[in-house]
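Notes follow the structure.
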Amino acid sequence: MLKQNDSTSTQSEREIIITRIFNAPRELVFQAWTDPKHIVQWWGPKGFTTRVTELDLRPGGQSRYVMVGPDGTEYPVKGVFFEIVPPERIVSSDEFDEGFEQLINGDLPQGIVMTVVFEDLEGKTKLTLQIRHATESDRRKHEEMGVVAGWNSSFDCLDEFLAKQAKQQQNGFAVTLPSDTEILITRIFNAPRRLVFEAWTQPEHVKRWFGGCSSMTITVCEIDLRVGGAWRYVLHDPKNSTEHAFSGEYREIAPPERLVTTEIYEPVPNSDHLNTLTLNEVGGKTTLHIHIQHQSREQRDGHLQSGMEEGLSETLNRLEALLQSIG
């Protein structure tokens, strides 16, 4: 069932048009559509995940996404950009990549051109998605594949993502990708950096804020705060009675300015990476930067797709609440 602010129509024998109004500014919606670290968090119908294997955002540049279904089946799609007018309009081809035809056991529509228009509605955004096919037969094939339901489900995911982004921006939370192997997280706390550093490194404080969501509890919190010393946290998730263990070694300690550690998520082999925390204080507030250096782009993308951004945002919100209680 479509939401009240959705509409779909076939404007001609070869077109499908889908519109949605998002409660977010046009620049934010355009960024969510074009930034790989955002795309992987919402693109695809509910229950799907997406890998961005190529995105060259310029006329003549190519894109390639791999959507992964709940059963692990991969659906690769690709395209070439024809026109890009930030933050107003994108025109590109929309093609099914090699292997897709075998998945549906039938002929695929060809020659699809996709036009996305972003209209500013006084702080909201009307997104119009025009899908133009080479023939009427191709349009019908595409409809039979569930393209309308699929896009509306994707737009539901985008709607949820934009709401989370707006909330994070209110807290000064931001995630950027300096390179193919790096993630940089920024968060502003209304507390002096001495207090933030203590809350980050003292077990009695860490136990009260660390974790991916409020329902989890930390059952192990071991900190040997010295260069070469080890740390290890274990989270218990009561929803499915699973445990999530994280551990590492301190490489550099400079209170209250800087902390460098290794980190590994123990259930996942070869997930180790390097974390560098820096704390800058201005006017009694602290800006925390977490620089994460991964071994490869694939490892970084896997980290992003694991829900890291949402989980870390919630975790840092709890840290803010703790700082207010102990300040």
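In the structure tokens, the first chain shown is A, the next is B, and so on; residue numbers restart at 1 for each chain, and ligands run from 1 in the order shown.
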Sorted by chain and rising residue number, which residues of region 188-285 of chain A lie within 10 Å of region 298-301 of chain A, and what are their closest atom pairs and distances in Å to one decimal, counting only C-alpha atoms, as JSON lines?
```
{"residue": "A:Asn270", "atom": "CA", "partner": "A:Gln299", "partner_atom": "CA", "distance": 8.6}
{"residue": "A:Ser271", "atom": "CA", "partner": "A:Gln299", "partner_atom": "CA", "distance": 7.0}
{"residue": "A:Asp272", "atom": "CA", "partner": "A:Gln299", "partner_atom": "CA", "distance": 9.1}
{"residue": "A:His273", "atom": "CA", "partner": "A:Gln299", "partner_atom": "CA", "distance": 9.0}
```
Could you turn the residues from that selection into a file that holds N, CA, C and O atoms, as a PDB file, in the first residue's frame?
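File selection11.pdb, as written:
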```pdb
ATOM      1  N   ASN A 270      39.583 -11.220  10.363  1.00  0.00           N
ATOM      2  CA  ASN A 270      40.211 -10.146   9.571  1.00  0.00           C
ATOM      3  C   ASN A 270      39.416  -8.842   9.608  1.00  0.00           C
ATOM      4  O   ASN A 270      39.373  -8.104   8.620  1.00  0.00           O
ATOM      5  N   SER A 271      38.800  -8.556  10.743  1.00  0.00           N
ATOM      6  CA  SER A 271      38.057  -7.296  10.893  1.00  0.00           C
ATOM      7  C   SER A 271      38.869  -6.244  11.637  1.00  0.00           C
ATOM      8  O   SER A 271      38.342  -5.191  11.979  1.00  0.00           O
ATOM      9  N   ASP A 272      40.146  -6.509  11.894  1.00  0.00           N
ATOM     10  CA  ASP A 272      40.935  -5.584  12.703  1.00  0.00           C
ATOM     11  C   ASP A 272      41.253  -4.307  11.928  1.00  0.00           C
ATOM     12  O   ASP A 272      41.531  -4.323  10.736  1.00  0.00           O
ATOM     13  N   HIS A 273      41.171  -3.188  12.654  1.00  0.00           N
ATOM     14  CA  HIS A 273      41.446  -1.877  12.094  1.00  0.00           C
ATOM     15  C   HIS A 273      42.035  -0.988  13.187  1.00  0.00           C
ATOM     16  O   HIS A 273      42.125  -1.393  14.347  1.00  0.00           O
TER      17      HIS A 273
END
```
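Residues surrounding Asn280 (chain A) within 10 Å are A:Ile188, A:Pro192, A:Arg193, A:Pro256, A:Glu257, A:Arg258, A:Gly284, A:Lys285, A:Thr286, A:Thr287, A:Leu288, A:His289 [only C-alpha atoms; sequence separation below 4 positions excluded].
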Keeping only N, CA, C and O atoms, write the selected residues as a PDB file, in the first residue's frame.
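Once everything was written out, this is part-v5.pdb:
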```pdb
ATOM      1  N   ILE A 188      30.059  16.418  18.765  1.00  0.00           N
ATOM      2  CA  ILE A 188      30.303  17.494  19.725  1.00  0.00           C
ATOM      3  C   ILE A 188      29.591  17.162  21.032  1.00  0.00           C
ATOM      4  O   ILE A 188      28.403  16.825  21.034  1.00  0.00           O
ATOM      5  N   PRO A 192      33.679  19.241  29.100  1.00  0.00           N
ATOM      6  CA  PRO A 192      35.121  19.420  28.871  1.00  0.00           C
ATOM      7  C   PRO A 192      35.772  18.120  28.429  1.00  0.00           C
ATOM      8  O   PRO A 192      35.321  17.029  28.788  1.00  0.00           O
ATOM      9  N   ARG A 193      36.879  18.227  27.694  1.00  0.00           N
ATOM     10  CA  ARG A 193      37.479  17.020  27.132  1.00  0.00           C
ATOM     11  C   ARG A 193      38.070  16.118  28.212  1.00  0.00           C
ATOM     12  O   ARG A 193      38.149  14.901  28.021  1.00  0.00           O
ATOM     13  N   PRO A 256      44.396  14.564  27.953  1.00  0.00           N
ATOM     14  CA  PRO A 256      43.082  14.093  27.485  1.00  0.00           C
ATOM     15  C   PRO A 256      42.883  14.394  26.007  1.00  0.00           C
ATOM     16  O   PRO A 256      41.766  14.704  25.579  1.00  0.00           O
ATOM     17  N   GLU A 257      43.951  14.313  25.222  1.00  0.00           N
ATOM     18  CA  GLU A 257      43.910  14.787  23.840  1.00  0.00           C
ATOM     19  C   GLU A 257      43.783  13.698  22.786  1.00  0.00           C
ATOM     20  O   GLU A 257      43.145  13.906  21.753  1.00  0.00           O
ATOM     21  N   ARG A 258      44.379  12.533  23.030  1.00  0.00           N
ATOM     22  CA  ARG A 258      44.525  11.577  21.935  1.00  0.00           C
ATOM     23  C   ARG A 258      44.621  10.152  22.473  1.00  0.00           C
ATOM     24  O   ARG A 258      45.222   9.903  23.519  1.00  0.00           O
ATOM     25  N   GLY A 284      34.441  25.080  26.676  1.00  0.00           N
ATOM     26  CA  GLY A 284      33.821  24.100  27.559  1.00  0.00           C
ATOM     27  C   GLY A 284      33.151  22.951  26.839  1.00  0.00           C
ATOM     28  O   GLY A 284      32.655  22.013  27.478  1.00  0.00           O
ATOM     29  N   LYS A 285      33.121  22.971  25.493  1.00  0.00           N
ATOM     30  CA  LYS A 285      32.573  21.862  24.706  1.00  0.00           C
ATOM     31  C   LYS A 285      33.720  21.092  24.056  1.00  0.00           C
ATOM     32  O   LYS A 285      34.793  21.647  23.820  1.00  0.00           O
ATOM     33  N   THR A 286      33.473  19.828  23.774  1.00  0.00           N
ATOM     34  CA  THR A 286      34.507  18.966  23.202  1.00  0.00           C
ATOM     35  C   THR A 286      34.059  18.396  21.868  1.00  0.00           C
ATOM     36  O   THR A 286      32.968  17.829  21.762  1.00  0.00           O
ATOM     37  N   THR A 287      34.910  18.564  20.858  1.00  0.00           N
ATOM     38  CA  THR A 287      34.682  17.914  19.569  1.00  0.00           C
ATOM     39  C   THR A 287      35.529  16.646  19.526  1.00  0.00           C
ATOM     40  O   THR A 287      36.755  16.697  19.630  1.00  0.00           O
ATOM     41  N   LEU A 288      34.836  15.528  19.405  1.00  0.00           N
ATOM     42  CA  LEU A 288      35.494  14.224  19.334  1.00  0.00           C
ATOM     43  C   LEU A 288      35.581  13.790  17.881  1.00  0.00           C
ATOM     44  O   LEU A 288      34.582  13.793  17.159  1.00  0.00           O
ATOM     45  N   HIS A 289      36.784  13.434  17.441  1.00  0.00           N
ATOM     46  CA  HIS A 289      36.985  12.850  16.115  1.00  0.00           C
ATOM     47  C   HIS A 289      37.444  11.407  16.298  1.00  0.00           C
ATOM     48  O   HIS A 289      38.397  11.140  17.035  1.00  0.00           O
TER      49      HIS A 289
END
```
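Interatomic distance, CA of Thr128 (chain A) to CA of Gln168 (chain A): 26.1 Å.
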### Message
Just to confirm, what's the straight-line distance from CA of His142 (chain A) to CA of Leu129 (chain A) in Å (one decimal)?
### Response
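Calculated distance between CA of His142 (chain A) and CA of Leu129 (chain A) is 14.5 Å.
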### For CA of Glu143 (chain A) and CA of Leu103 (chain A), the interatomic separation in Å (one decimal)
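Spanning CA of Glu143 (chain A) to CA of Leu103 (chain A) is a straight-line distance of 16.3 Å.
You can rank A:Ser313, A:Ser306, A:Gln293, A:Ser215 by their closest distance to Ala166 (chain A) using only C-alpha atoms, and at the top of that list sits A:Ser313.
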### Task
Looking only at helix (DSSP H, G or I) from DSSP on the backbone, list the matching residues of region 18-142 of chain A as a list in words.
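These are the residues in question: Arg26, Glu27, Leu28, Val29, Phe30, Gln31, Ala32, Trp33, Thr34, Pro36, Lys37, His38, Ile39, Val40, Gln41, Trp42, Phe100, Glu101, Gln102, Leu103, Ile104, Glu136, Ser137, Asp138, Arg139, Arg140, Lys141 and His142 of chain A.
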### Message
I need the residues of region 68-310 of chain A that end up classed as strand (DSSP E or B) by DSSP on the backbone, written out as a ChimeraX atom specification.
### Response
/A:68,74-85,89-96,112-121,124-132,174-176,182-189,217-223,230-237,242-254,258-265,273-282,285-293
Could the residues in this selection be written to a file with C-alpha atoms, as a tab-separated table (two decimals), in the first residue's frame?
```
chain	number	residue	atom	x	y	z
A	68	VAL	CA	21.67	-8.49	-1.80
A	74	GLU	CA	22.82	-10.84	-5.45
A	75	TYR	CA	21.16	-8.52	-7.96
A	76	PRO	CA	23.78	-6.42	-9.81
A	77	VAL	CA	22.76	-3.23	-11.63
A	78	LYS	CA	24.81	-0.63	-13.44
A	79	GLY	CA	24.45	2.60	-15.39
A	80	VAL	CA	26.11	5.52	-17.13
A	81	PHE	CA	25.45	9.12	-16.10
A	82	PHE	CA	24.22	11.41	-18.89
A	83	GLU	CA	23.41	14.58	-16.95
A	84	ILE	CA	24.09	15.76	-13.38
A	85	VAL	CA	22.82	19.11	-12.02
A	89	ARG	CA	18.53	16.51	-11.47
A	90	ILE	CA	20.28	13.27	-12.47
A	91	VAL	CA	19.84	11.42	-15.76
A	92	SER	CA	21.42	8.01	-16.30
A	93	SER	CA	20.95	4.66	-17.96
A	94	ASP	CA	19.66	1.84	-15.75
A	95	GLU	CA	20.92	-1.59	-16.76
A	96	PHE	CA	20.80	-5.09	-15.34
A	112	ILE	CA	16.07	2.08	-19.65
A	113	VAL	CA	16.79	5.76	-18.96
A	114	MET	CA	16.17	6.99	-15.42
A	115	THR	CA	15.63	10.67	-14.60
A	116	VAL	CA	15.53	11.80	-10.98
A	117	VAL	CA	14.31	15.31	-10.20
A	118	PHE	CA	14.67	16.90	-6.74
A	119	GLU	CA	12.30	19.85	-6.10
A	120	ASP	CA	12.56	22.14	-3.09
A	121	LEU	CA	9.26	22.50	-1.21
A	124	LYS	CA	10.86	19.46	2.12
A	125	THR	CA	11.77	17.68	-1.10
A	126	LYS	CA	9.59	16.30	-3.86
A	127	LEU	CA	11.45	13.53	-5.63
A	128	THR	CA	10.18	12.49	-9.05
A	129	LEU	CA	11.57	9.30	-10.56
A	130	GLN	CA	10.90	8.89	-14.29
A	131	ILE	CA	11.74	5.48	-15.76
A	132	ARG	CA	11.63	5.54	-19.55
A	174	ALA	CA	28.77	13.47	11.12
A	175	VAL	CA	30.39	10.62	9.19
A	176	THR	CA	32.73	11.28	6.27
A	182	GLU	CA	38.93	5.44	6.03
A	183	ILE	CA	35.92	6.53	8.09
A	184	LEU	CA	35.89	9.75	10.11
A	185	ILE	CA	33.25	10.27	12.80
A	186	THR	CA	32.71	13.64	14.44
A	187	ARG	CA	30.56	14.40	17.49
A	188	ILE	CA	30.30	17.49	19.72
A	189	PHE	CA	29.76	17.00	23.47
A	217	THR	CA	24.21	-4.78	28.38
A	218	ILE	CA	27.97	-4.88	28.71
A	219	THR	CA	28.99	-8.04	30.55
A	220	VAL	CA	32.78	-7.70	30.20
A	221	CYS	CA	34.68	-4.41	30.40
A	222	GLU	CA	38.44	-4.89	30.72
A	223	ILE	CA	40.80	-1.91	30.33
A	230	ALA	CA	44.73	-4.63	26.09
A	231	TRP	CA	41.05	-3.75	26.22
A	232	ARG	CA	38.01	-5.98	25.71
A	233	TYR	CA	34.26	-5.37	25.84
A	234	VAL	CA	31.51	-7.98	25.51
A	235	LEU	CA	27.92	-6.96	24.81
A	236	HIS	CA	24.91	-9.20	25.50
A	237	ASP	CA	21.86	-8.83	23.27
A	242	THR	CA	23.90	-13.42	21.41
A	243	GLU	CA	27.16	-11.83	22.52
A	244	HIS	CA	29.27	-9.32	20.61
A	245	ALA	CA	32.92	-9.10	21.65
A	246	PHE	CA	35.30	-6.27	20.75
A	247	SER	CA	38.97	-6.10	21.71
A	248	GLY	CA	42.23	-4.39	20.91
A	249	GLU	CA	45.53	-2.96	22.10
A	250	TYR	CA	46.49	0.58	23.11
A	251	ARG	CA	49.14	2.03	20.79
A	252	GLU	CA	49.26	5.64	21.99
A	253	ILE	CA	47.82	7.40	25.06
A	254	ALA	CA	48.01	11.19	25.54
A	258	ARG	CA	44.52	11.58	21.94
A	259	LEU	CA	44.04	7.81	22.10
A	260	VAL	CA	45.14	5.29	19.46
A	261	THR	CA	44.04	1.66	19.62
A	262	THR	CA	43.60	-1.38	17.44
A	263	GLU	CA	40.14	-2.92	17.31
A	264	ILE	CA	38.73	-6.24	16.17
A	265	TYR	CA	35.16	-7.51	16.20
A	273	HIS	CA	41.45	-1.88	12.09
A	274	LEU	CA	43.09	1.14	13.74
A	275	ASN	CA	41.14	3.76	15.72
A	276	THR	CA	42.50	7.22	16.48
A	277	LEU	CA	40.54	9.43	18.87
A	278	THR	CA	41.32	13.13	19.14
A	279	LEU	CA	39.55	15.54	21.48
A	280	ASN	CA	39.52	19.32	20.99
A	281	GLU	CA	37.97	21.65	23.57
A	282	VAL	CA	36.53	25.09	22.81
A	285	LYS	CA	32.57	21.86	24.71
A	286	THR	CA	34.51	18.97	23.20
A	287	THR	CA	34.68	17.91	19.57
A	288	LEU	CA	35.49	14.22	19.33
A	289	HIS	CA	36.99	12.85	16.11
A	290	ILE	CA	37.18	9.08	15.61
A	291	HIS	CA	39.39	8.18	12.66
A	292	ILE	CA	39.04	4.54	11.59
A	293	GLN	CA	41.70	3.13	9.26
```
### Which residue of A:Glu309, A:Leu322, A:Pro178, A:Ser153 approaches Glu198 (chain A) most closely, using only C-alpha atoms
A:Leu322
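Using only C-alpha atoms, the contacts of Arg140 (chain A) at a cut-off of 12 Å, with sequence neighbours closer than 3 positions omitted, comprise Thr10, Ser12, Glu13, Arg14, Glu15, Ile16, Asp107, Leu108, Pro109, Gln110, Ile131, Arg132, His133, Ala134, Thr135, Glu136, Ser137, Glu143, Glu144, Met145, Gly146, Val147 and Val148 of chain A.
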### Task
Identify, on the basis of only C-alpha atoms, every residue whose closest approach to Phe210 (chain A) does not exceed 8 Å; exclude the query and any residue fewer than 5 positions from it along the same chain; express the result as a PyMOL selection string.
chain A and resi 218+315+318-319
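Distances here use only C-alpha atoms; by that measure, the residue among A:Lys239, A:Arg26, A:His294, A:Arg58 closest to Asp180 (chain A) is A:His294.
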